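Coordinates as given in model-v2.cif (mmCIF, C-alpha atoms):
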data_coords
#
loop_
_atom_site.group_PDB
_atom_site.id
_atom_site.type_symbol
_atom_site.label_atom_id
_atom_site.label_comp_id
_atom_site.auth_asym_id
_atom_site.auth_seq_id
_atom_site.Cartn_x
_atom_site.Cartn_y
_atom_site.Cartn_z
ATOM 1 C CA MET N 14 -54.008 12.893 -20.544
ATOM 2 C CA ALA N 15 -54.169 16.418 -22.000
ATOM 3 C CA ARG N 16 -56.977 15.339 -24.355
ATOM 4 C CA ASP N 17 -58.883 13.287 -21.772
ATOM 5 C CA GLN N 18 -61.716 15.522 -20.542
ATOM 6 C CA THR N 19 -62.358 13.257 -17.564
ATOM 7 C CA ILE N 20 -59.010 14.137 -16.027
ATOM 8 C CA ALA N 21 -59.196 17.281 -13.942
ATOM 9 C CA ALA N 22 -55.505 17.504 -13.050
ATOM 10 C CA PHE N 23 -52.237 15.703 -13.577
ATOM 11 C CA VAL N 24 -48.845 15.707 -11.926
ATOM 12 C CA ALA N 25 -45.576 15.734 -13.845
ATOM 13 C CA VAL N 26 -42.392 14.646 -12.122
ATOM 14 C CA GLY N 27 -39.175 15.556 -13.890
ATOM 15 C CA PRO N 28 -36.549 18.240 -14.358
ATOM 16 C CA LEU N 29 -37.663 21.761 -15.180
ATOM 17 C CA THR N 30 -35.958 21.391 -18.566
ATOM 18 C CA SER N 31 -37.978 18.260 -19.420
ATOM 19 C CA LYS N 32 -39.362 18.437 -22.989
ATOM 20 C CA ILE N 33 -42.037 15.898 -22.067
ATOM 21 C CA THR N 34 -43.434 18.160 -19.328
ATOM 22 C CA ALA N 35 -43.258 21.278 -21.523
ATOM 23 C CA ASP N 36 -45.071 19.482 -24.401
ATOM 24 C CA ALA N 37 -47.791 18.229 -22.043
ATOM 25 C CA ILE N 38 -48.420 21.757 -20.744
ATOM 26 C CA ALA N 39 -48.486 23.145 -24.298
ATOM 27 C CA MET N 40 -50.941 20.417 -25.409
ATOM 28 C CA THR N 41 -53.194 21.159 -22.451
ATOM 29 C CA ALA N 42 -53.214 24.849 -23.349
ATOM 30 C CA ARG N 43 -54.170 24.090 -26.961
ATOM 31 C CA THR N 44 -56.967 21.614 -26.211
ATOM 32 C CA ARG N 45 -58.401 22.856 -22.920
ATOM 33 C CA GLY N 46 -57.153 26.399 -22.415
ATOM 34 C CA GLU N 47 -54.388 27.786 -20.306
ATOM 35 C CA PRO N 48 -53.571 25.386 -17.464
ATOM 36 C CA LYS N 49 -53.627 26.472 -13.870
ATOM 37 C CA PHE N 50 -50.575 25.612 -11.794
ATOM 38 C CA ILE N 51 -51.480 24.391 -8.306
ATOM 39 C CA ALA N 52 -48.957 25.225 -5.601
ATOM 40 C CA ILE N 53 -48.000 22.741 -2.888
ATOM 41 C CA ASP N 54 -47.860 25.075 0.068
ATOM 42 C CA VAL N 55 -46.912 22.405 2.569
ATOM 43 C CA GLY N 56 -43.634 21.501 0.886
ATOM 44 C CA ASP N 57 -41.640 22.263 4.046
ATOM 45 C CA ALA N 58 -43.867 20.007 6.164
ATOM 46 C CA ILE N 59 -43.622 17.191 3.620
ATOM 47 C CA ALA N 60 -39.844 17.511 3.463
ATOM 48 C CA GLN N 61 -39.600 17.475 7.253
ATOM 49 C CA LYS N 62 -41.764 14.364 7.551
ATOM 50 C CA HIS N 63 -40.244 12.598 4.540
ATOM 51 C CA PRO N 64 -36.566 13.591 4.217
ATOM 52 C CA LEU N 65 -36.276 12.145 0.719
ATOM 53 C CA TYR N 66 -38.386 15.062 -0.527
ATOM 54 C CA GLU N 67 -37.295 18.687 -0.629
ATOM 55 C CA SER N 68 -39.219 21.927 -0.630
ATOM 56 C CA GLU N 69 -38.682 23.597 -4.026
ATOM 57 C CA GLU N 70 -39.897 26.446 -6.221
ATOM 58 C CA ILE N 71 -40.767 26.491 -9.913
ATOM 59 C CA PRO N 72 -39.661 29.888 -11.239
ATOM 60 C CA GLY N 73 -42.068 31.843 -13.447
ATOM 61 C CA SER N 74 -41.819 31.215 -17.203
ATOM 62 C CA SER N 75 -40.025 27.898 -16.614
ATOM 63 C CA PHE N 76 -42.035 26.104 -19.356
ATOM 64 C CA SER N 77 -42.857 28.994 -21.662
ATOM 65 C CA ALA N 78 -41.964 32.675 -21.830
ATOM 66 C CA SER N 79 -44.806 33.858 -24.074
ATOM 67 C CA PRO N 80 -47.231 33.331 -22.549
ATOM 68 C CA ALA N 81 -45.493 32.858 -19.220
ATOM 69 C CA ARG N 82 -46.069 29.412 -17.822
ATOM 70 C CA PRO N 83 -46.317 29.633 -14.908
ATOM 71 C CA ASP N 84 -46.899 33.350 -14.650
ATOM 72 C CA ASP N 85 -45.269 33.448 -11.219
ATOM 73 C CA LYS N 86 -43.161 31.204 -9.019
ATOM 74 C CA ILE N 87 -44.907 28.120 -7.670
ATOM 75 C CA ASP N 88 -44.136 26.324 -4.398
ATOM 76 C CA THR N 89 -43.797 22.593 -4.805
ATOM 77 C CA VAL N 90 -41.774 19.589 -3.666
ATOM 78 C CA GLY N 91 -38.847 18.014 -5.437
ATOM 79 C CA VAL N 92 -37.067 14.692 -5.542
ATOM 80 C CA ASN N 93 -33.554 13.851 -6.642
ATOM 81 C CA HIS N 94 -32.303 11.292 -9.087
ATOM 82 C CA LEU N 95 -29.642 9.519 -7.068
ATOM 83 C CA ILE N 96 -26.663 7.443 -8.105
ATOM 84 C CA VAL N 97 -26.385 4.862 -5.349
ATOM 85 C CA ALA N 98 -23.806 2.220 -4.551
ATOM 86 C CA HIS N 99 -23.730 -0.629 -2.096
ATOM 87 C CA LYS N 100 -21.734 0.215 0.991
ATOM 88 C CA SER N 101 -19.498 -2.807 0.383
ATOM 89 C CA LEU N 102 -18.284 -1.347 -2.922
ATOM 90 C CA SER N 103 -14.638 -0.310 -2.839
ATOM 91 C CA GLU N 104 -13.943 3.178 -1.533
ATOM 92 C CA ALA N 105 -11.361 3.665 -4.291
ATOM 93 C CA THR N 106 -13.856 2.644 -6.997
ATOM 94 C CA VAL N 107 -16.575 5.017 -5.826
ATOM 95 C CA GLY N 108 -14.069 7.829 -5.317
ATOM 96 C CA ALA N 109 -12.721 7.368 -8.855
ATOM 97 C CA PHE N 110 -16.256 7.315 -10.318
ATOM 98 C CA THR N 111 -17.211 10.495 -8.436
ATOM 99 C CA ARG N 112 -14.070 12.240 -9.636
ATOM 100 C CA GLU N 113 -14.713 11.273 -13.257
ATOM 101 C CA LEU N 114 -18.379 12.268 -13.010
ATOM 102 C CA PHE N 115 -17.652 15.819 -11.928
ATOM 103 C CA ALA N 116 -14.776 16.107 -14.378
ATOM 104 C CA ALA N 117 -17.097 15.147 -17.241
ATOM 105 C CA ARG N 118 -19.822 17.542 -16.064
ATOM 106 C CA GLN N 119 -17.947 20.579 -17.371
ATOM 107 C CA THR N 120 -17.345 18.884 -20.720
ATOM 108 C CA LEU N 121 -21.007 17.904 -21.197
ATOM 109 C CA LEU N 122 -22.483 21.178 -19.985
ATOM 110 C CA LYS N 123 -22.788 22.739 -23.476
ATOM 111 C CA GLU N 124 -24.577 19.732 -24.935
ATOM 112 C CA LEU N 125 -26.660 18.834 -21.890
ATOM 113 C CA PRO N 126 -27.478 21.933 -19.799
ATOM 114 C CA GLU N 127 -29.301 19.796 -17.225
ATOM 115 C CA VAL N 128 -25.918 18.333 -16.275
ATOM 116 C CA SER N 129 -25.360 21.526 -14.287
ATOM 117 C CA LYS N 130 -27.930 20.220 -11.824
ATOM 118 C CA ILE N 131 -25.637 17.420 -10.753
ATOM 119 C CA GLU N 132 -24.690 18.175 -7.189
ATOM 120 C CA THR N 133 -22.319 16.656 -4.698
ATOM 121 C CA PRO N 134 -23.895 14.353 -2.109
ATOM 122 C CA ASP N 135 -24.628 15.408 1.448
ATOM 123 C CA THR N 136 -21.686 14.133 3.485
ATOM 124 C CA ASP N 137 -23.207 14.875 6.891
ATOM 125 C CA LYS N 138 -23.451 11.810 9.085
ATOM 126 C CA ASP N 139 -27.126 12.492 9.844
ATOM 127 C CA ALA N 140 -28.102 12.869 6.163
ATOM 128 C CA ALA N 141 -31.266 11.049 5.079
ATOM 129 C CA LEU N 142 -29.202 9.106 2.562
ATOM 130 C CA PRO N 143 -25.626 8.859 3.810
ATOM 131 C CA ALA N 144 -22.968 9.354 1.153
ATOM 132 C CA HIS N 145 -20.749 6.423 0.320
ATOM 133 C CA ARG N 146 -17.421 6.786 2.076
ATOM 134 C CA GLY N 147 -15.602 6.925 -1.286
ATOM 135 C CA ALA N 148 -17.767 9.800 -2.556
ATOM 136 C CA ALA N 149 -17.597 11.568 0.807
ATOM 137 C CA ALA N 150 -13.794 11.358 0.778
ATOM 138 C CA PHE N 151 -13.714 13.012 -2.660
ATOM 139 C CA VAL N 152 -16.166 15.760 -1.670
ATOM 140 C CA ASP N 153 -14.464 16.492 1.659
ATOM 141 C CA GLY N 154 -10.961 16.291 0.176
ATOM 142 C CA THR N 155 -9.906 13.460 2.489
ATOM 143 C CA GLU N 156 -8.984 10.882 -0.144
ATOM 144 C CA ARG N 157 -5.968 8.881 0.909
ATOM 145 C CA THR N 158 -3.016 8.070 -1.312
ATOM 146 C CA PHE N 159 -1.857 4.511 -1.876
ATOM 147 C CA PRO N 160 0.844 4.667 0.844
ATOM 148 C CA GLU N 161 -1.657 6.187 3.285
ATOM 149 C CA LYS N 162 -4.206 3.443 2.599
ATOM 150 C CA TYR N 163 -1.825 0.554 2.877
ATOM 151 C CA SER N 164 0.902 1.886 5.168
ATOM 152 C CA ASP N 165 -0.318 -0.292 8.047
ATOM 153 C CA TYR N 166 -0.199 -3.378 5.846
ATOM 154 C CA MET N 167 3.213 -2.393 4.493
ATOM 155 C CA TRP N 168 4.712 -1.893 7.948
ATOM 156 C CA GLY N 169 3.025 -5.075 9.126
ATOM 157 C CA GLY N 170 4.536 -6.940 6.188
ATOM 158 C CA ILE N 171 7.977 -5.503 6.923
ATOM 159 C CA LEU N 172 7.715 -6.517 10.585
ATOM 160 C CA LEU N 173 6.467 -9.952 9.578
ATOM 161 C CA LEU N 174 9.323 -10.439 7.125
ATOM 162 C CA SER N 175 11.779 -9.228 9.734
ATOM 163 C CA GLY N 176 10.355 -11.659 12.260
ATOM 164 C CA LEU N 177 10.451 -14.501 9.750
ATOM 165 C CA GLY N 178 14.043 -13.598 8.899
ATOM 166 C CA SER N 179 15.042 -13.671 12.571
ATOM 167 C CA ALA N 180 13.209 -16.926 13.107
ATOM 168 C CA GLY N 181 14.838 -18.394 10.012
ATOM 169 C CA ALA N 182 18.272 -17.298 11.179
ATOM 170 C CA TRP N 183 17.667 -18.859 14.598
ATOM 171 C CA PHE N 184 16.404 -22.069 13.009
ATOM 172 C CA ARG N 185 19.405 -22.260 10.685
ATOM 173 C CA GLY N 186 21.679 -21.670 13.659
ATOM 174 C CA TYR N 187 19.873 -24.398 15.595
ATOM 175 C CA LEU N 188 20.261 -26.879 12.746
ATOM 176 C CA ARG N 189 23.957 -26.010 12.409
ATOM 177 C CA LYS N 190 24.782 -25.760 16.076
ATOM 178 C CA ASP N 191 26.954 -28.882 15.881
ATOM 179 C CA GLU N 192 28.830 -27.439 12.919
ATOM 180 C CA THR N 193 29.269 -24.121 14.734
ATOM 181 C CA SER N 194 30.480 -25.889 17.884
ATOM 182 C CA ASN N 195 32.976 -27.936 15.867
ATOM 183 C CA ASN N 196 34.215 -24.776 14.182
ATOM 184 C CA ALA N 197 34.813 -23.139 17.561
ATOM 185 C CA ARG N 198 36.782 -26.204 18.633
ATOM 186 C CA LEU N 199 38.924 -25.949 15.503
ATOM 187 C CA ARG N 200 39.604 -22.283 16.219
ATOM 188 C CA ASP N 201 40.782 -23.140 19.728
ATOM 189 C CA ARG N 202 42.963 -25.873 18.270
ATOM 190 C CA LEU N 203 44.494 -23.359 15.846
ATOM 191 C CA VAL N 204 45.291 -20.973 18.708
ATOM 192 C CA ASP N 205 47.052 -23.787 20.563
ATOM 193 C CA MET N 206 49.070 -24.656 17.452
ATOM 194 C CA ILE N 207 50.577 -21.161 17.401
ATOM 195 C CA SER N 208 52.385 -21.927 20.641
ATOM 196 C CA GLN N 209 53.335 -25.392 19.399
ATOM 197 C CA ALA N 210 54.779 -23.915 16.189
ATOM 198 C CA ARG N 211 57.033 -21.625 18.209
ATOM 199 C CA ARG N 212 58.428 -24.709 20.070
ATOM 200 C CA ALA N 213 58.708 -27.066 17.086
ATOM 201 C CA ASN N 214 61.955 -29.032 16.922
ATOM 202 C CA SER N 215 62.042 -29.799 13.203
ATOM 203 C CA ILE N 216 60.855 -28.658 9.794
ATOM 204 C CA GLU N 217 58.966 -31.932 9.459
ATOM 205 C CA GLU N 218 56.963 -31.122 12.576
ATOM 206 C CA LEU N 219 56.080 -27.700 11.140
ATOM 207 C CA ASP N 220 55.010 -29.306 7.851
ATOM 208 C CA LYS N 221 52.718 -31.680 9.706
ATOM 209 C CA MET N 222 51.144 -28.725 11.551
ATOM 210 C CA GLN N 223 50.685 -26.907 8.245
ATOM 211 C CA GLU N 224 48.776 -29.886 6.827
ATOM 212 C CA GLU N 225 46.455 -29.846 9.835
ATOM 213 C CA VAL N 226 45.972 -26.085 9.475
ATOM 214 C CA ASP N 227 45.069 -26.556 5.803
ATOM 215 C CA GLU N 228 42.301 -28.945 6.869
ATOM 216 C CA ILE N 229 41.063 -26.441 9.459
ATOM 217 C CA LEU N 230 41.035 -23.742 6.774
ATOM 218 C CA ARG N 231 38.999 -25.957 4.453
ATOM 219 C CA ASP N 232 36.462 -26.768 7.193
ATOM 220 C CA THR N 233 36.203 -23.090 8.097
ATOM 221 C CA LEU N 234 35.416 -22.026 4.556
ATOM 222 C CA ASP N 235 32.826 -24.804 4.246
ATOM 223 C CA CYS N 236 31.159 -23.597 7.445
ATOM 224 C CA PHE N 237 31.107 -20.037 6.117
ATOM 225 C CA ASP N 238 29.493 -21.180 2.846
ATOM 226 C CA ASP N 239 26.853 -23.084 4.835
ATOM 227 C CA GLY N 240 26.135 -20.066 7.011
ATOM 228 C CA ALA N 241 27.322 -21.783 10.195
ATOM 229 C CA ILE N 242 29.695 -18.887 10.934
ATOM 230 C CA GLU N 243 29.289 -15.186 10.220
ATOM 231 C CA GLU N 244 31.659 -12.883 8.402
ATOM 232 C CA GLY N 245 32.884 -11.460 11.696
ATOM 233 C CA ALA N 246 33.889 -14.937 12.907
ATOM 234 C CA LEU N 247 35.661 -15.534 9.597
ATOM 235 C CA SER N 248 37.657 -12.347 10.160
ATOM 236 C CA ALA N 249 38.712 -13.644 13.571
ATOM 237 C CA PHE N 250 39.836 -16.901 11.944
ATOM 238 C CA SER N 251 41.809 -14.920 9.403
ATOM 239 C CA LEU N 252 43.681 -13.175 12.210
ATOM 240 C CA VAL N 253 44.503 -16.500 13.907
ATOM 241 C CA PHE N 254 45.660 -18.018 10.608
ATOM 242 C CA GLU N 255 47.940 -15.048 10.054
ATOM 243 C CA GLN N 256 49.445 -15.388 13.535
ATOM 244 C CA PHE N 257 50.064 -19.108 12.936
ATOM 245 C CA HIS N 258 51.839 -18.497 9.656
ATOM 246 C CA GLN N 259 54.014 -15.802 11.224
ATOM 247 C CA ALA N 260 54.958 -18.143 14.066
ATOM 248 C CA THR N 261 55.675 -20.955 11.564
ATOM 249 C CA ALA N 262 57.814 -18.773 9.334
ATOM 250 C CA HIS N 263 59.786 -17.424 12.302
ATOM 251 C CA ARG N 264 60.395 -20.900 13.706
ATOM 252 C CA GLU N 265 61.314 -22.352 10.318
ATOM 253 C CA ALA N 266 63.864 -19.585 9.777
ATOM 254 C CA ARG N 267 65.466 -20.332 13.147
ATOM 255 C CA LEU N 268 65.543 -24.071 12.503
ATOM 256 C CA LEU N 269 67.153 -23.599 9.070
ATOM 257 C CA GLY N 270 69.731 -21.213 10.549
ATOM 258 C CA HIS N 271 70.578 -23.713 13.298
ATOM 259 C CA ARG N 272 70.976 -26.543 10.749
ATOM 260 C CA ALA N 273 73.361 -24.408 8.681
ATOM 261 C CA ASN N 274 75.522 -23.805 11.738
ATOM 262 C CA LEU N 275 75.671 -27.524 12.445
ATOM 263 C CA ILE N 276 76.729 -28.284 8.879
ATOM 264 C CA SER N 277 79.505 -25.695 8.946
ATOM 265 C CA ILE N 278 80.860 -26.894 12.294
ATOM 266 C CA ALA N 279 80.745 -30.627 11.563
ATOM 267 C CA PRO N 280 84.000 -30.844 9.454
ATOM 268 C CA GLN N 281 85.975 -29.131 12.201
ATOM 269 C CA LEU N 282 84.640 -31.661 14.736
ATOM 270 C CA LYS N 283 85.995 -34.500 12.586
#

Please express what this file holds, its structure, as structure tokens.
Amino acid sequence: MARDQTIAAFVAVGPLTSKITADAIAMTARTRGEPKFIAIDVGDAIAQKHPLYESEEIPGSSFSASPARPDDKIDTVGVNHLIVAHKSLSEATVGAFTRELFAARQTLLKELPEVSKIETPDTDKDAALPAHRGAAAFVDGTERTFPEKYSDYMWGGILLLSGLGSAGAWFRGYLRKDETSNNARLRDRLVDMISQARRANSIEELDKMQEEVDEILRDTLDCFDDGAIEEGALSAFSLVFEQFHQATAHREARLLGHRANLISIAPQLK
């Protein structure tokens, strides 16, 4: 275009540090004389009507210092190169990308000076191009930690598990209600046997009671293993078993003492 004499003017769109734009201006100066920079004085009006444009200035000597090109600042309009993401993209993904981008900017600045032009997005709600919520969270410092993001789900899961546990416990209790009822009947039977043990008339009768108590003990432990009775109920059974054995031992001692008296008196009766 610089060599084409039929072209009266051309527009270059790019960063002020663009080598392509600087070479085009230098070529124009060599083939057709010093170029004239045309200002766009209505940059503010254009930016107001079309928010994707911005009113900008080209500082003097931006493309050459000797001679100065341009020789003074020039009003113009500017556009941005934008990194865009679909709004459905994960907030965490966009936030992580934005964080890495600005972290790398400082590292690349020496090799690529134009990297300094990278700016944070406009996070205002009425911005022409709204920032992705992940980028906005990084810029505004409102990024949420993992517990903050998923605390509702975590508490919901805990409540759900608790509810399922309660429902499971009720269902197990319902399925084992017959076993639990039978166990309660055996406990009542054991309580009654304490009184019977205290009134037993022979060792043989106590031995028969002990055999029945052994069966009750076996059934009780089976019920505990199956979950039909709780640990508290098992403790109550333990107390009743202990009372029965005390009553049995006391009665057995009295019966043995009475038998010894009968044996020692019998020869005198003869």

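Look at region 228-235 of chain N: the protein and nucleic acid residues within 8 Å of it, using all atoms listed in the file and passing over chain neighbours fewer than 4 places away, are N:Asn196, N:Leu199, N:Leu203, N:Glu224, N:Asp239, N:Leu247.
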
For the atom pair CA of His99 (chain N) and CA of Ala117 (chain N), what is the interatomic distance in Å to one decimal place? 22.9 Å

What's the 12 Å shell around Glu127 (chain N), counting all atoms listed in the file, without same-chain residues fewer than 5 positions away, as JSON, numbers by chain? {"N": [27, 28, 29, 30, 31, 32, 118, 119, 121, 122, 132]}

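Minimum distance to Thr34 (chain N) across N:Arg82, N:Arg202, N:Lys130, N:His263 (counting only C-alpha atoms) occurs at N:Arg82.
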
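With all atoms listed in the file as the basis for measurement, N:Asp205 is the residue among N:Glu113, N:Asp85, N:Glu67, N:Asp205 that approaches Val253 (chain N) most closely.
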